[in-house]
Amino acid sequence: MATASDIARPRPHRVPGALRAPFEGRAWRELLHVVTGLPLASVYFAGAVAMLSAGAGLLITFLGVPVLAAGLMGCRAAGWVERGRARALLDVDVAEPEPVRTLQRRPGLMPWVGALLRSGVSWRHLLYTVLHFPWAVFSFVVSVVLWSVSLGLTLYPAWQWVFPRHLGRPGMQVGPDGLTANSTTQIGGTYLESPPELALTAAAGLALLLVTPWIVRGLTQVDRLMVLGLLGPSPLATRVRELESDRGSVADTAAADLRR
């Protein structure tokens with residue numbers, strides 16, 4: 001008779017993880033994170049560089065300070081979006097960093113701007129927007145090319161008919177066209193058209209399809225590290241929060257002892 005623990009325990013998969021990886025939701029969520037990351041990273045990078053350049057150029061006047069503060073605030077907003085994406089698509093739960101008002105010494109707009117400029121969190125968000133853009137371009141190109149090529153080769157027997165019907169070729173060509181050594185005879189590449197060639201192409205595509213999710217997972221691991229290292233709270237703020245929580249627990253325990 002099955003017990004409650006047996007019912008709660010997840011059943012082991014009969015298919016190994018290496019074989020079911022392309023069909024799991026995690027692989028497609030990671031691909032979605034990479035695909036949506038490039039346009040967002042482009043907007044972040046362009047805005048951060050433009051505001052930082054304008055603010056630095058206007059620092060000789062008073063206008064440079066609010067422009068630079070606005071750029072840092074935009075970077076913090078980008079960090080909020082990236083933490084949400086990492087939480088939804090990469091299963092990374094990043095704590096919210098300390099707000100600017102905790103560093104503000106007195107009320108008012110200018111003290112708030114000063115606290116924003118002194119905040120290490122703001123500058124780490126700016127560093128993220130700059131570093132994330134080239135990595136987003138690289139991971140987007142690698143992920144999209146691998147998924148496209150692997151799916152195209154795996155399904156090649158199903159769409160091979162396109163070549164003879166619409167392109168005037170018997171199949172996909174392997175090897176470039178060229179001339180022989182005497183430069184008089186035209187030679188061409190090999191066309192994948194026979195049943196063994198179709199089967200071999202599909203097998204190669206399937207092998208690449210099984211490897212692709214793990215490569216994309218390795219790429220998104222860098223995104224996880226960047227989000228955790230640059231968009232979370234500072235170690236000092238985390239330590240202060242832990243001490244405050246411990247102090248509250250001690251105070252509650254002491255009050256309970258006094259009541260007893």
# chains A, B, ... in the order shown; residues from 1 in each chain; ligands from 1
call {"tool": "residues_around", "arguments": {"residues": "range 150-161 of chain A", "least_positions_apart": "5", "cutoff": "6 Å", "atoms": "only C-alpha atoms", "output": "list in words"}}
result
Leu198, Thr201, Ala202, Gly205, Leu206, Leu208 and Leu209 of chain A
call {"tool": "residues_around", "arguments": {"residues": "range 35-47 of chain A", "least_positions_apart": "6", "cutoff": "9 Å", "atoms": "only C-alpha atoms", "output": "list in words"}}
result
Gly71, Gly74, Cys75, Ala78, Glu82, Leu126, Thr129, Val130, Leu131, His132, Phe133, Pro134, Trp135, Ala136, Val137, Ser139, Phe140, Ser143 and Val144 of chain A
call {"tool": "write_last_selection", "arguments": {"atoms": "all heavy atoms", "output": "compact mmCIF listing (two decimals), in the first residue's frame"}}
result
# COMPACT_ATOMS: atom_id res chain seq x y z
N GLY A 71 20.30 59.33 -15.78
CA GLY A 71 20.84 58.14 -16.42
C GLY A 71 20.99 56.99 -15.44
O GLY A 71 20.68 55.84 -15.76
N GLY A 74 17.63 55.55 -14.73
CA GLY A 74 17.22 54.67 -15.82
C GLY A 74 17.89 53.31 -15.75
O GLY A 74 17.26 52.29 -16.04
N CYS A 75 19.15 53.28 -15.33
CA CYS A 75 19.84 52.01 -15.17
C CYS A 75 19.22 51.19 -14.05
O CYS A 75 19.11 49.95 -14.15
CB CYS A 75 21.32 52.25 -14.90
SG CYS A 75 22.24 52.97 -16.28
N ALA A 78 16.19 49.64 -15.47
CA ALA A 78 16.56 48.49 -16.29
C ALA A 78 16.89 47.29 -15.41
O ALA A 78 16.54 46.14 -15.74
CB ALA A 78 17.76 48.83 -17.17
N GLU A 82 15.31 43.50 -15.48
CA GLU A 82 16.15 42.31 -15.62
C GLU A 82 15.98 41.35 -14.45
O GLU A 82 16.03 40.13 -14.64
CB GLU A 82 17.62 42.73 -15.74
CG GLU A 82 17.96 43.40 -17.06
CD GLU A 82 17.67 42.49 -18.23
OE1 GLU A 82 18.26 41.39 -18.29
OE2 GLU A 82 16.84 42.85 -19.07
N LEU A 126 24.70 50.55 -13.75
CA LEU A 126 25.29 51.12 -14.96
C LEU A 126 26.31 50.16 -15.56
O LEU A 126 26.34 49.96 -16.80
CB LEU A 126 25.95 52.46 -14.63
CG LEU A 126 26.75 53.11 -15.77
CD1 LEU A 126 25.86 53.43 -16.96
CD2 LEU A 126 27.46 54.36 -15.26
N THR A 129 24.49 47.40 -17.50
CA THR A 129 23.98 47.79 -18.82
C THR A 129 25.09 47.84 -19.87
O THR A 129 24.84 47.56 -21.05
CB THR A 129 23.28 49.14 -18.75
OG1 THR A 129 24.20 50.13 -18.27
CG2 THR A 129 22.09 49.09 -17.80
N VAL A 130 26.31 48.18 -19.44
CA VAL A 130 27.42 48.25 -20.39
C VAL A 130 27.96 46.86 -20.71
O VAL A 130 28.23 46.53 -21.88
CB VAL A 130 28.54 49.15 -19.82
CG1 VAL A 130 29.76 49.14 -20.73
CG2 VAL A 130 28.04 50.58 -19.66
N LEU A 131 28.10 46.01 -19.70
CA LEU A 131 28.67 44.68 -19.92
C LEU A 131 27.67 43.71 -20.55
O LEU A 131 28.08 42.79 -21.27
CB LEU A 131 29.18 44.10 -18.60
CG LEU A 131 30.33 44.83 -17.92
CD1 LEU A 131 30.70 44.13 -16.62
CD2 LEU A 131 31.53 44.91 -18.84
N HIS A 132 26.40 43.93 -20.29
CA HIS A 132 25.41 42.96 -20.76
C HIS A 132 25.20 43.04 -22.27
O HIS A 132 24.84 42.03 -22.90
CB HIS A 132 24.08 43.21 -20.04
CG HIS A 132 23.02 42.22 -20.40
ND1 HIS A 132 21.79 42.59 -20.89
CD2 HIS A 132 23.01 40.86 -20.37
CE1 HIS A 132 21.07 41.52 -21.13
NE2 HIS A 132 21.78 40.46 -20.83
N PHE A 133 25.42 44.20 -22.87
CA PHE A 133 25.14 44.36 -24.30
C PHE A 133 26.00 43.44 -25.17
O PHE A 133 25.46 42.67 -25.99
CB PHE A 133 25.30 45.81 -24.72
CG PHE A 133 25.17 46.03 -26.20
CD1 PHE A 133 23.96 45.87 -26.84
CD2 PHE A 133 26.28 46.39 -26.95
CE1 PHE A 133 23.84 46.05 -28.21
CE2 PHE A 133 26.17 46.58 -28.32
CZ PHE A 133 24.96 46.42 -28.95
N PRO A 134 27.35 43.45 -25.06
CA PRO A 134 28.13 42.54 -25.93
C PRO A 134 27.85 41.08 -25.65
O PRO A 134 27.84 40.26 -26.57
CB PRO A 134 29.59 42.91 -25.63
CG PRO A 134 29.55 43.59 -24.31
CD PRO A 134 28.24 44.30 -24.24
N TRP A 135 27.60 40.74 -24.38
CA TRP A 135 27.28 39.35 -24.09
C TRP A 135 25.93 38.95 -24.66
O TRP A 135 25.75 37.82 -25.12
CB TRP A 135 27.30 39.11 -22.58
CG TRP A 135 26.94 37.72 -22.22
CD1 TRP A 135 25.80 37.27 -21.64
CD2 TRP A 135 27.74 36.55 -22.45
NE1 TRP A 135 25.82 35.91 -21.49
CE2 TRP A 135 26.99 35.43 -21.98
CE3 TRP A 135 29.00 36.33 -23.01
CZ2 TRP A 135 27.49 34.14 -22.06
CZ3 TRP A 135 29.47 35.03 -23.09
CH2 TRP A 135 28.73 33.96 -22.62
N ALA A 136 24.96 39.87 -24.64
CA ALA A 136 23.64 39.57 -25.20
C ALA A 136 23.75 39.34 -26.71
O ALA A 136 23.07 38.46 -27.25
CB ALA A 136 22.68 40.72 -24.90
N VAL A 137 24.59 40.10 -27.39
CA VAL A 137 24.78 39.90 -28.83
C VAL A 137 25.39 38.52 -29.09
O VAL A 137 24.92 37.76 -29.97
CB VAL A 137 25.68 41.00 -29.41
CG1 VAL A 137 26.01 40.72 -30.88
CG2 VAL A 137 25.01 42.37 -29.29
N SER A 139 25.47 35.74 -27.12
CA SER A 139 24.59 34.63 -26.75
C SER A 139 23.39 34.53 -27.70
O SER A 139 22.93 33.43 -28.01
CB SER A 139 24.11 34.80 -25.31
OG SER A 139 23.45 36.04 -25.13
N PHE A 140 22.88 35.67 -28.19
CA PHE A 140 21.77 35.64 -29.15
C PHE A 140 22.19 34.95 -30.44
O PHE A 140 21.48 34.07 -30.95
CB PHE A 140 21.30 37.06 -29.43
CG PHE A 140 20.20 37.14 -30.45
CD1 PHE A 140 18.87 37.06 -30.06
CD2 PHE A 140 20.48 37.31 -31.79
CE1 PHE A 140 17.84 37.13 -31.00
CE2 PHE A 140 19.47 37.38 -32.74
CZ PHE A 140 18.15 37.29 -32.33
N SER A 143 22.87 31.11 -29.80
CA SER A 143 21.66 30.34 -29.49
C SER A 143 20.75 30.21 -30.71
O SER A 143 20.27 29.11 -31.02
CB SER A 143 20.90 31.01 -28.34
OG SER A 143 21.70 31.10 -27.19
N VAL A 144 20.51 31.31 -31.40
CA VAL A 144 19.61 31.27 -32.55
C VAL A 144 20.19 30.41 -33.68
O VAL A 144 19.46 29.63 -34.32
CB VAL A 144 19.31 32.70 -33.04
CG1 VAL A 144 18.55 32.68 -34.35
CG2 VAL A 144 18.49 33.46 -31.99
call {"tool": "atom_distance", "arguments": {"atom1": "CA of His33 in chain A", "atom2": "CA of Gly79 in chain A"}}
result
14.7 Å
call {"tool": "select_by_dssp", "arguments": {"residues": "range 3-226 of chain A", "states": "helix (DSSP H, G or I)", "output": "PyMOL selection string"}}
result
chain A and resi 4-8+17-23+25-57+64-89+100-103+109-118+120-154+156-159+162-167+195-226
call {"tool": "closest_residue", "arguments": {"among": "A:Pro164, A:Gly171, A:Pro233, A:Pro22", "to": "Thr212 in chain A", "atoms": "only C-alpha atoms"}}
result
A:Pro22
call {"tool": "closest_residue", "arguments": {"among": "A:Pro111, A:Gly120, A:Gly84, A:Gly57", "to": "Leu72 in chain A", "atoms": "only C-alpha atoms"}}
result
A:Gly120
call {"tool": "residues_around", "arguments": {"residues": "range 220-230 of chain A", "least_positions_apart": "4", "cutoff": "8 Å", "atoms": "only C-alpha atoms", "output": "list in words"}}
result
Glu30, Val34, Glu82, Arg83, Ala86, Leu90, Val92, Val94, Val121, Arg124, His125, Leu127, Tyr128 and Val216 of chain A
call {"tool": "atom_distance", "arguments": {"atom1": "CA of Pro213 in chain A", "atom2": "CA of Arg26 in chain A"}}
result
9.0 Å
